[in-house]
>>> print(open('protein21.txt').read())   # compact mmCIF, C-alpha atoms
# COMPACT_ATOMS: atom_id res chain seq x y z
CA MET A 94 -100.52 37.08 -34.95
CA HIS A 95 -97.74 39.02 -33.28
CA PHE A 96 -99.93 39.54 -30.20
CA SER A 97 -100.72 35.83 -30.05
CA SER A 98 -97.02 34.95 -30.34
CA ALA A 99 -96.08 37.41 -27.59
CA THR A 100 -98.86 36.04 -25.37
CA THR A 101 -97.62 32.50 -25.93
CA GLN A 102 -94.05 33.49 -25.07
CA TYR A 103 -95.21 35.27 -21.91
CA THR A 104 -97.27 32.23 -20.88
CA ILE A 105 -94.28 29.93 -21.40
CA ALA A 106 -91.97 32.25 -19.46
CA TYR A 107 -94.46 32.56 -16.59
CA SER A 108 -94.96 28.78 -16.50
CA GLN A 109 -91.19 28.27 -16.35
CA LEU A 110 -90.93 30.74 -13.44
CA VAL A 111 -93.71 28.91 -11.58
CA LEU A 112 -91.90 25.60 -12.13
CA VAL A 113 -88.63 27.09 -10.89
CA GLU A 114 -90.30 28.41 -7.74
CA ALA A 115 -92.04 25.09 -7.11
CA ARG A 116 -88.76 23.28 -7.61
CA VAL A 117 -87.03 25.59 -5.14
CA GLN A 118 -89.79 25.16 -2.56
CA ARG A 119 -89.29 21.40 -2.77
CA ASN A 120 -85.50 21.87 -2.86
CA GLU A 121 -85.29 19.67 -5.94
CA TYR A 122 -81.68 20.50 -6.63
CA GLU A 123 -78.82 18.12 -7.18
CA ASP A 124 -75.97 20.39 -6.13
CA VAL A 125 -77.34 23.20 -3.96
CA ILE A 126 -79.72 23.84 -1.09
CA ALA A 127 -81.83 27.00 -1.43
CA SER A 128 -83.94 28.37 1.39
CA LYS A 129 -85.63 31.50 2.70
CA ASP A 130 -85.92 32.44 6.36
CA GLY A 131 -87.98 35.60 6.71
CA GLN A 132 -86.24 38.23 4.60
CA THR A 133 -82.93 36.35 4.32
CA GLY A 134 -82.26 33.94 1.47
CA THR A 135 -79.51 31.33 1.59
CA VAL A 136 -77.87 29.37 -1.22
CA THR A 137 -75.58 26.55 -0.10
CA ILE A 138 -73.35 24.56 -2.46
CA ASN A 139 -73.94 20.92 -1.52
CA ARG A 140 -71.09 18.77 -2.86
CA PRO A 141 -69.00 18.15 0.28
CA GLU A 142 -67.54 14.92 -1.11
CA VAL A 143 -65.56 17.00 -3.65
CA LEU A 144 -65.06 20.09 -1.45
CA ASN A 145 -68.07 21.75 -3.11
CA ALA A 146 -66.41 21.78 -6.53
CA LEU A 147 -68.43 23.45 -9.28
CA ARG A 148 -69.63 21.29 -12.18
CA ALA A 149 -72.14 22.17 -14.90
CA GLN A 150 -75.12 21.08 -12.78
CA THR A 151 -73.90 23.23 -9.89
CA TYR A 152 -73.98 26.33 -12.07
CA ILE A 153 -77.46 25.42 -13.35
CA ASP A 154 -78.73 25.04 -9.79
CA LEU A 155 -77.02 28.22 -8.58
CA ILE A 156 -78.57 30.17 -11.47
CA SER A 157 -82.05 28.85 -10.65
CA ALA A 158 -81.69 29.58 -6.92
CA MET A 159 -80.36 33.09 -7.49
CA LYS A 160 -83.21 33.84 -9.92
CA TRP A 161 -85.74 32.74 -7.32
CA LEU A 162 -84.26 34.73 -4.45
CA GLY A 163 -83.38 37.71 -6.64
CA ASN A 164 -86.97 37.98 -7.87
CA ASP A 165 -88.52 37.54 -4.42
CA ASP A 166 -89.43 41.05 -3.25
CA GLU A 167 -89.54 39.92 0.38
CA VAL A 168 -85.87 38.84 0.36
CA GLY A 169 -83.54 41.68 1.28
CA VAL A 170 -80.19 39.90 1.48
CA VAL A 171 -78.75 36.62 0.18
CA ILE A 172 -76.13 34.44 1.88
CA LEU A 173 -73.90 32.26 -0.33
CA THR A 174 -71.95 29.46 1.36
CA GLY A 175 -70.91 25.80 1.15
CA VAL A 176 -71.89 22.66 3.04
CA GLY A 177 -69.53 21.31 5.68
CA ASP A 178 -66.50 22.56 7.56
CA ARG A 179 -63.89 22.21 4.82
CA ALA A 180 -64.86 24.29 1.79
CA PHE A 181 -66.87 27.22 0.50
CA SER A 182 -65.92 25.90 -2.93
CA SER A 183 -62.70 24.34 -4.20
CA GLY A 184 -63.40 25.69 -7.70
CA GLY A 185 -64.22 24.14 -11.04
CA ASP A 186 -64.55 20.37 -11.31
CA VAL A 187 -61.34 19.49 -13.16
CA LYS A 188 -62.68 16.06 -14.20
CA ALA A 189 -65.27 17.76 -16.39
CA GLN A 190 -62.57 19.92 -17.97
CA ALA A 191 -60.71 16.81 -19.21
CA SER A 192 -63.33 16.14 -21.91
CA ARG A 193 -64.36 19.72 -22.62
CA THR A 194 -64.30 20.85 -26.25
CA VAL A 195 -64.01 24.41 -27.53
CA ALA A 196 -67.74 24.59 -28.34
CA ALA A 197 -68.84 22.99 -25.06
CA GLY A 198 -66.40 25.19 -23.15
CA ARG A 199 -67.81 28.33 -24.70
CA LYS A 200 -71.36 27.36 -23.66
CA HIS A 201 -70.14 26.49 -20.16
CA LEU A 202 -68.39 29.85 -19.76
CA HIS A 203 -71.48 31.76 -20.89
CA ARG A 204 -73.47 29.86 -18.26
CA MET A 205 -70.95 31.02 -15.67
CA MET A 206 -71.44 34.60 -16.85
CA GLU A 207 -75.20 34.25 -16.35
CA LEU A 208 -74.57 33.39 -12.70
CA PHE A 209 -72.12 36.30 -12.38
CA ALA A 210 -74.77 38.70 -13.69
CA LEU A 211 -77.40 37.37 -11.29
CA VAL A 212 -75.16 37.83 -8.24
CA ARG A 213 -73.98 41.28 -9.29
CA ASN A 214 -77.29 42.64 -10.59
CA CYS A 215 -79.92 41.15 -8.26
CA GLY A 216 -80.32 44.55 -6.56
CA LYS A 217 -79.78 43.24 -3.04
CA PRO A 218 -76.57 42.58 -1.07
CA VAL A 219 -75.05 39.10 -1.43
CA VAL A 220 -72.89 37.97 1.50
CA ALA A 221 -70.33 35.19 1.09
CA ALA A 222 -69.88 33.05 4.21
CA VAL A 223 -66.52 31.42 3.51
CA ASN A 224 -66.24 28.38 5.74
CA GLY A 225 -63.10 26.78 4.28
CA PHE A 226 -61.35 26.61 0.92
CA ALA A 227 -62.30 29.34 -1.57
CA ILE A 228 -60.05 28.33 -4.45
CA GLY A 229 -60.11 28.91 -8.21
CA GLY A 230 -63.70 29.38 -9.39
CA GLY A 231 -64.77 29.23 -5.74
CA HIS A 232 -62.52 32.20 -5.06
CA GLU A 233 -64.02 34.10 -7.97
CA LEU A 234 -67.49 33.28 -6.65
CA HIS A 235 -66.74 35.07 -3.37
CA LEU A 236 -65.15 37.99 -5.28
CA MET A 237 -68.44 38.75 -7.05
CA CYS A 238 -70.33 38.87 -3.73
CA ASP A 239 -70.74 42.27 -2.06
CA ILE A 240 -69.41 41.27 1.36
CA THR A 241 -67.26 38.36 2.52
CA ILE A 242 -67.16 37.06 6.10
CA ALA A 243 -64.54 34.35 6.58
CA SER A 244 -63.96 31.60 9.09
CA ASP A 245 -60.48 31.62 10.62
CA GLN A 246 -60.05 28.25 8.87
CA ALA A 247 -60.70 29.69 5.40
CA ARG A 248 -58.09 29.56 2.63
CA PHE A 249 -58.07 31.71 -0.50
CA GLY A 250 -56.33 31.51 -3.87
CA GLN A 251 -56.41 31.07 -7.64
CA VAL A 252 -55.15 28.01 -9.53
CA GLY A 253 -55.75 28.79 -13.23
CA PRO A 254 -52.21 28.60 -14.64
CA ARG A 255 -51.51 25.54 -12.45
CA VAL A 256 -54.23 23.52 -14.19
CA GLY A 257 -53.85 24.99 -17.68
CA SER A 258 -56.66 27.53 -17.31
CA VAL A 259 -57.16 31.27 -16.70
CA PRO A 260 -59.42 32.91 -14.05
CA ILE A 261 -61.36 35.23 -16.40
CA TRP A 262 -64.62 34.80 -14.42
CA GLY A 263 -63.79 37.80 -12.26
CA ALA A 264 -60.28 37.36 -10.87
CA THR A 265 -58.43 39.13 -13.69
CA GLN A 266 -60.98 41.95 -13.51
CA MET A 267 -61.91 42.26 -9.82
CA LEU A 268 -58.72 41.34 -7.95
CA PRO A 269 -56.67 44.40 -9.02
CA ARG A 270 -59.48 46.67 -7.82
CA ILE A 271 -59.62 44.93 -4.44
CA VAL A 272 -55.99 44.16 -3.56
CA GLY A 273 -54.04 46.30 -6.06
CA GLU A 274 -52.24 45.45 -9.30
CA LYS A 275 -49.04 43.99 -7.83
CA LYS A 276 -50.77 41.73 -5.32
CA ALA A 277 -53.31 40.61 -7.92
CA ARG A 278 -50.53 39.55 -10.28
CA GLU A 279 -48.86 37.64 -7.46
CA ILE A 280 -52.10 35.80 -6.67
CA LEU A 281 -52.80 35.00 -10.33
CA PHE A 282 -49.27 34.11 -11.48
CA LEU A 283 -47.97 32.15 -8.47
CA CYS A 284 -51.20 30.34 -7.53
CA ARG A 285 -50.41 30.44 -3.82
CA GLN A 286 -52.94 29.98 -1.04
CA TYR A 287 -53.56 32.63 1.62
CA SER A 288 -54.91 32.34 5.15
CA ALA A 289 -58.03 34.16 6.30
CA GLN A 290 -55.88 36.64 8.21
CA GLU A 291 -53.73 37.34 5.14
CA ALA A 292 -56.92 37.82 3.12
CA LEU A 293 -58.18 40.31 5.69
CA GLU A 294 -54.93 42.27 5.65
CA MET A 295 -55.06 42.67 1.85
CA GLY A 296 -58.72 43.73 1.89
CA LEU A 297 -59.96 40.53 0.28
CA VAL A 298 -62.52 39.89 3.05
CA ASN A 299 -64.47 42.14 5.40
CA LYS A 300 -64.07 40.20 8.64
CA VAL A 301 -62.57 36.98 10.04
CA VAL A 302 -64.28 35.18 12.91
CA PRO A 303 -63.82 31.90 14.79
CA HIS A 304 -65.04 29.03 12.66
CA GLU A 305 -67.85 28.03 15.00
CA THR A 306 -69.34 31.54 15.03
CA LEU A 307 -69.26 32.16 11.26
CA MET A 308 -72.97 31.84 10.48
CA THR A 309 -73.96 33.74 13.63
CA GLU A 310 -71.76 36.64 12.53
CA VAL A 311 -73.06 36.49 8.96
CA GLN A 312 -76.66 36.61 10.17
CA SER A 313 -75.79 39.59 12.38
CA TRP A 314 -74.50 41.48 9.33
CA CYS A 315 -77.60 40.46 7.38
CA ASP A 316 -79.86 41.76 10.15
CA GLU A 317 -78.06 45.12 9.99
CA ILE A 318 -78.57 45.21 6.22
CA LEU A 319 -82.28 44.40 6.57
CA ASP A 320 -82.71 47.48 8.76
CA LYS A 321 -81.66 49.67 5.81
CA SER A 322 -83.77 51.03 2.95
CA PRO A 323 -84.06 48.36 0.22
CA GLN A 324 -84.41 51.07 -2.45
CA SER A 325 -81.26 52.81 -1.24
CA LEU A 326 -79.34 49.52 -1.10
CA ARG A 327 -80.36 48.69 -4.66
CA ILE A 328 -79.26 52.10 -5.93
CA ALA A 329 -76.00 51.93 -3.98
CA LYS A 330 -75.17 48.46 -5.34
CA THR A 331 -75.99 49.49 -8.89
CA SER A 332 -73.85 52.62 -8.61
CA LEU A 333 -70.96 50.73 -6.99
CA ASN A 334 -71.05 48.25 -9.86
CA PHE A 335 -70.80 50.95 -12.53
CA GLU A 336 -67.04 50.80 -13.18
CA SER A 337 -66.84 47.01 -13.12
CA ASP A 338 -69.92 46.79 -15.36
CA LEU A 339 -67.90 48.67 -17.99
CA MET A 340 -65.51 45.70 -18.04
CA TYR A 341 -68.14 43.38 -19.48
CA SER A 342 -66.26 43.14 -22.77
CA SER A 343 -63.27 41.82 -20.85
CA TYR A 344 -65.33 38.83 -19.72
CA LEU A 345 -66.56 38.16 -23.26
CA HIS A 346 -63.05 38.39 -24.70
CA GLY A 347 -61.80 36.12 -21.92
CA ILE A 348 -64.49 33.55 -22.68
CA GLU A 349 -63.52 33.39 -26.34
CA MET A 350 -59.81 33.10 -25.62
CA LEU A 351 -60.14 30.58 -22.79
CA ALA A 352 -62.56 28.40 -24.78
CA LEU A 353 -59.92 28.02 -27.48
CA THR A 354 -57.51 26.44 -24.98
CA TYR A 355 -59.78 23.51 -24.12
CA GLY A 356 -58.38 20.24 -25.39
CA GLY A 357 -54.98 21.83 -26.12
CA THR A 358 -51.72 20.30 -24.96
CA GLU A 359 -51.06 22.73 -22.12
CA ASN A 360 -54.64 22.56 -20.92
CA LEU A 361 -54.57 18.75 -20.89
CA GLU A 362 -51.21 18.69 -19.12
CA GLY A 363 -52.71 20.68 -16.25
CA VAL A 364 -55.86 18.56 -16.09
CA THR A 365 -53.99 15.25 -16.33
CA ALA A 366 -51.46 16.27 -13.71
CA PHE A 367 -54.25 17.26 -11.33
CA LEU A 368 -56.10 13.97 -11.82
CA GLU A 369 -52.88 11.96 -11.47
CA LYS A 370 -51.95 13.98 -8.35
CA ARG A 371 -48.56 15.01 -9.71
CA PRO A 372 -46.94 18.38 -10.43
CA PRO A 373 -47.61 19.58 -13.99
CA ASP A 374 -44.64 19.97 -16.34
CA TYR A 375 -45.13 23.23 -18.18
CA ARG A 376 -41.45 23.87 -18.76
CA LYS A 377 -41.51 21.51 -21.74
CA PHE A 378 -43.77 23.98 -23.55
CA ARG A 379 -41.05 26.66 -23.59
CA HIS A 380 -38.78 26.13 -26.58
CA SER A 381 -35.70 28.07 -27.62
CA GLU A 382 -35.54 28.99 -31.27
CA ALA A 383 -31.82 29.72 -31.13
CA GLY A 384 -30.05 28.16 -34.06
CA ALA A 385 -33.23 27.62 -36.01
CA SER A 386 -32.86 28.14 -39.74
CA LEU A 387 -34.17 31.42 -41.07
>>> encode(input="protein21.txt", output="structure tokens")
Amino acid sequence: MHFSSATTQYTIAYSQLVLVEARVQRNEYEDVIASKDGQTGTVTINRPEVLNALRAQTYIDLISAMKWLGNDDEVGVVILTGVGDRAFSSGGDVKAQASRTVAAGRKHLHRMMELFALVRNCGKPVVAAVNGFAIGGGHELHLMCDITIASDQARFGQVGPRVGSVPIWGATQMLPRIVGEKKAREILFLCRQYSAQEALEMGLVNKVVPHETLMTEVQSWCDEILDKSPQSLRIAKTSLNFESDLMYSSYLHGIEMLALTYGGTENLEGVTAFLEKRPPDYRKFRHSEAGASL
């Protein structure tokens, strides 16, 4: 009976993988375009009307595409980018956050972690081609890639505290290791935006090129990677990830804490202000207890 059950589960899993691959081949995605050209795979976020903002469906499509390319033994490198000339990704879709509950938020954040694990643990280099805004969750998405090549029109930054959220999907963990503690705290606390050149100077990207030559440069880097031993690249990536892999509990703790903020007054102030295109008023949430009765 156990053998029959295991066989059934394997058959279901295999059937699901076949369906995923067929879906990818037909590009039946709502929010991304996935393709393979020789030994190079490309995943492109395809929501230009909202600056490639990330909604639930986007994460589902990104997960499916990364599974396909990650499991394809012929693919040696994956490019991650966004459609159009304006944005790699402007981050999480704030409209969806307006109605998010604690339970729904927790499920959403675990889905995000599944994508994080696929990018980090696929065993092959992932190159971010940042063609515009890489903000909020979009910024964290490029952080988890192995290499980042940026257009000279790219802009980088985090927005969590501005919209009543926290960037626990990699920024609080990865940024200090890339740009140093002090600069990371500046980026996270002040929510400023930085030019491609500023990002290069702080070690946030590997190279900045003229906008019109971005994908040519990215493909050149990919070609260099493809000339290297795939076994050695896999081992190198796994070893490089060792320290950050030890921070996994930080992501889980962050998920639980951030999920509890959904629907709260500060969270909704940030979301509402964003949707109403006005500055949020967070000062009203700081109260003095001077003179309060003991």
>>> atom_distance(input="protein21.txt", atom1="CA of Val171 in chain A", atom2="CA of Leu208 in chain A")
13.9 Å
>>> residues_around(input="protein21.txt", residues="range 126-131 of chain A", least_positions_apart="4", cutoff="9 Å", atoms="all atoms listed in the file", output="MDAnalysis selection string")
chainID A and resid 117:118 120:122 135:139 154:155 158:159 162 167:168 171 176
>>> residues_near_point(input="protein21.txt", point="(-81.7, 51.3, -2.8)", cutoff="12 Å", atoms="all atoms listed in the file", output="compact mmCIF listing (two decimals) with C-alpha atoms, in the frame of the given file")
# COMPACT_ATOMS: atom_id res chain seq x y z
CA GLY A 169 -83.54 41.68 1.28
CA CYS A 215 -79.92 41.15 -8.26
CA GLY A 216 -80.32 44.55 -6.56
CA LYS A 217 -79.78 43.24 -3.04
CA PRO A 218 -76.57 42.58 -1.07
CA ILE A 318 -78.57 45.21 6.22
CA LEU A 319 -82.28 44.40 6.57
CA LYS A 321 -81.66 49.67 5.81
CA SER A 322 -83.77 51.03 2.95
CA PRO A 323 -84.06 48.36 0.22
CA GLN A 324 -84.41 51.07 -2.45
CA SER A 325 -81.26 52.81 -1.24
CA LEU A 326 -79.34 49.52 -1.10
CA ARG A 327 -80.36 48.69 -4.66
CA ILE A 328 -79.26 52.10 -5.93
CA ALA A 329 -76.00 51.93 -3.98
CA LYS A 330 -75.17 48.46 -5.34
CA THR A 331 -75.99 49.49 -8.89
CA SER A 332 -73.85 52.62 -8.61
CA LEU A 333 -70.96 50.73 -6.99
>>> closest_residue(input="protein21.txt", among="A:Ile156, A:Asp178, A:Leu202, A:Gly231", to="Gln246 in chain A", atoms="all atoms listed in the file")
A:Asp178
>>> closest_atom_pairs(input="protein21.txt", of="range 209-261 of chain A", to="range 143-151 of chain A", cutoff="12 Å", atoms="all atoms listed in the file", output="JSON lines")
{"residue": "A:Val223", "atom": "CA", "partner": "A:Asn145", "partner_atom": "CA", "distance": 11.8}
{"residue": "A:Asn224", "atom": "CA", "partner": "A:Leu144", "partner_atom": "CA", "distance": 11.0}
{"residue": "A:Gly225", "atom": "CA", "partner": "A:Leu144", "partner_atom": "CA", "distance": 9.0}
{"residue": "A:Phe226", "atom": "CA", "partner": "A:Leu144", "partner_atom": "CA", "distance": 7.9}
{"residue": "A:Ala227", "atom": "CA", "partner": "A:Leu144", "partner_atom": "CA", "distance": 9.7}
{"residue": "A:Ile228", "atom": "CA", "partner": "A:Ala146", "partner_atom": "CA", "distance": 9.4}
{"residue": "A:Gly229", "atom": "CA", "partner": "A:Ala146", "partner_atom": "CA", "distance": 9.7}
{"residue": "A:Gly230", "atom": "CA", "partner": "A:Leu147", "partner_atom": "CA", "distance": 7.6}
{"residue": "A:Gly231", "atom": "CA", "partner": "A:Ala146", "partner_atom": "CA", "distance": 7.7}
{"residue": "A:His232", "atom": "CA", "partner": "A:Ala146", "partner_atom": "CA", "distance": 11.2}
{"residue": "A:Glu233", "atom": "CA", "partner": "A:Leu147", "partner_atom": "CA", "distance": 11.6}
{"residue": "A:Leu234", "atom": "CA", "partner": "A:Leu147", "partner_atom": "CA", "distance": 10.2}
>>> closest_residue(input="protein21.txt", among="A:Ala221, A:Val256, A:Leu345, A:Ile240", to="Ala191 in chain A", atoms="all atoms listed in the file")
A:Val256
>>> closest_residue(input="protein21.txt", among="A:Cys284, A:Ile242, A:Val259, A:Val187", to="His304 in chain A", atoms="only C-alpha atoms")
A:Ile242
>>> closest_residue(input="protein21.txt", among="A:Asn164, A:Gly134, A:Gln190, A:Phe378", to="Gly356 in chain A", atoms="only C-alpha atoms")
A:Gln190
>>> atom_distance(input="protein21.txt", atom1="CA of Glu305 in chain A", atom2="CA of Ala264 in chain A")
28.5 Å
>>> atom_distance(input="protein21.txt", atom1="CA of Ala197 in chain A", atom2="CA of Lys160 in chain A")
23.5 Å
>>> residues_around(input="protein21.txt", residues="Thr365 in chain A", least_positions_apart="2", cutoff="12 Å", atoms="all atoms listed in the file", output="list in words")
Val187, Lys188, Ala189, Gln190, Ala191, Ser192, Arg255, Val256, Gly257, Gly356, Gly357, Thr358, Glu359, Asn360, Leu361, Glu362, Gly363, Phe367, Leu368, Glu369, Lys370, Arg371, Pro372, Pro373 and Asp374 of chain A
>>> closest_residue(input="protein21.txt", among="A:Tyr287, A:Lys377, A:Ser337, A:Arg193", to="Met267 in chain A", atoms="all atoms listed in the file")
A:Ser337
>>> residues_around(input="protein21.txt", residues="Gly347 in chain A", least_positions_apart="5", cutoff="9 Å", atoms="all atoms listed in the file", output="VMD selection string")
chain A and resid 259 to 262 342 352
>>> closest_residue(input="protein21.txt", among="A:Tyr341, A:Phe249, A:Phe335, A:Trp314", to="Arg285 in chain A", atoms="all atoms listed in the file")
A:Phe249
>>> residues_around(input="protein21.txt", residues="Glu291 in chain A", least_positions_apart="5", cutoff="10 Å", atoms="only C-alpha atoms", output="count of residues only")
6
>>> build_atoms(input="protein21.txt", residues="range 281-293 of chain A", atoms="N, CA and C atoms", output="short mmCIF file (atom, residue, chain, number, x, y, z; two decimals), in the frame of the given file")
data_model
loop_
_atom_site.label_atom_id
_atom_site.label_comp_id
_atom_site.auth_asym_id
_atom_site.auth_seq_id
_atom_site.Cartn_x
_atom_site.Cartn_y
_atom_site.Cartn_z
N LEU A 281 -52.46 35.66 -9.08
CA LEU A 281 -52.80 35.00 -10.33
C LEU A 281 -51.64 34.21 -10.92
N PHE A 282 -50.42 34.74 -10.83
CA PHE A 282 -49.27 34.11 -11.48
C PHE A 282 -48.68 32.97 -10.64
N LEU A 283 -48.64 33.14 -9.31
CA LEU A 283 -47.97 32.15 -8.47
C LEU A 283 -48.90 31.06 -7.95
N CYS A 284 -50.21 31.33 -7.97
CA CYS A 284 -51.20 30.34 -7.53
C CYS A 284 -50.97 29.86 -6.10
N ARG A 285 -50.57 30.78 -5.24
CA ARG A 285 -50.41 30.44 -3.82
C ARG A 285 -51.75 30.47 -3.11
N GLN A 286 -51.77 29.89 -1.90
CA GLN A 286 -52.94 29.98 -1.04
C GLN A 286 -52.65 30.94 0.12
N TYR A 287 -53.69 31.62 0.57
CA TYR A 287 -53.56 32.63 1.62
C TYR A 287 -54.53 32.33 2.76
N SER A 288 -54.08 32.57 3.97
CA SER A 288 -54.91 32.34 5.15
C SER A 288 -55.99 33.41 5.23
N ALA A 289 -56.96 33.18 6.10
CA ALA A 289 -58.03 34.16 6.30
C ALA A 289 -57.46 35.48 6.80
N GLN A 290 -56.48 35.43 7.69
CA GLN A 290 -55.88 36.64 8.21
C GLN A 290 -55.15 37.41 7.12
N GLU A 291 -54.42 36.69 6.26
CA GLU A 291 -53.73 37.34 5.14
C GLU A 291 -54.75 37.98 4.19
N ALA A 292 -55.87 37.28 3.99
CA ALA A 292 -56.92 37.82 3.12
C ALA A 292 -57.51 39.10 3.71
N LEU A 293 -57.67 39.12 5.02
CA LEU A 293 -58.18 40.31 5.69
C LEU A 293 -57.22 41.48 5.54
#
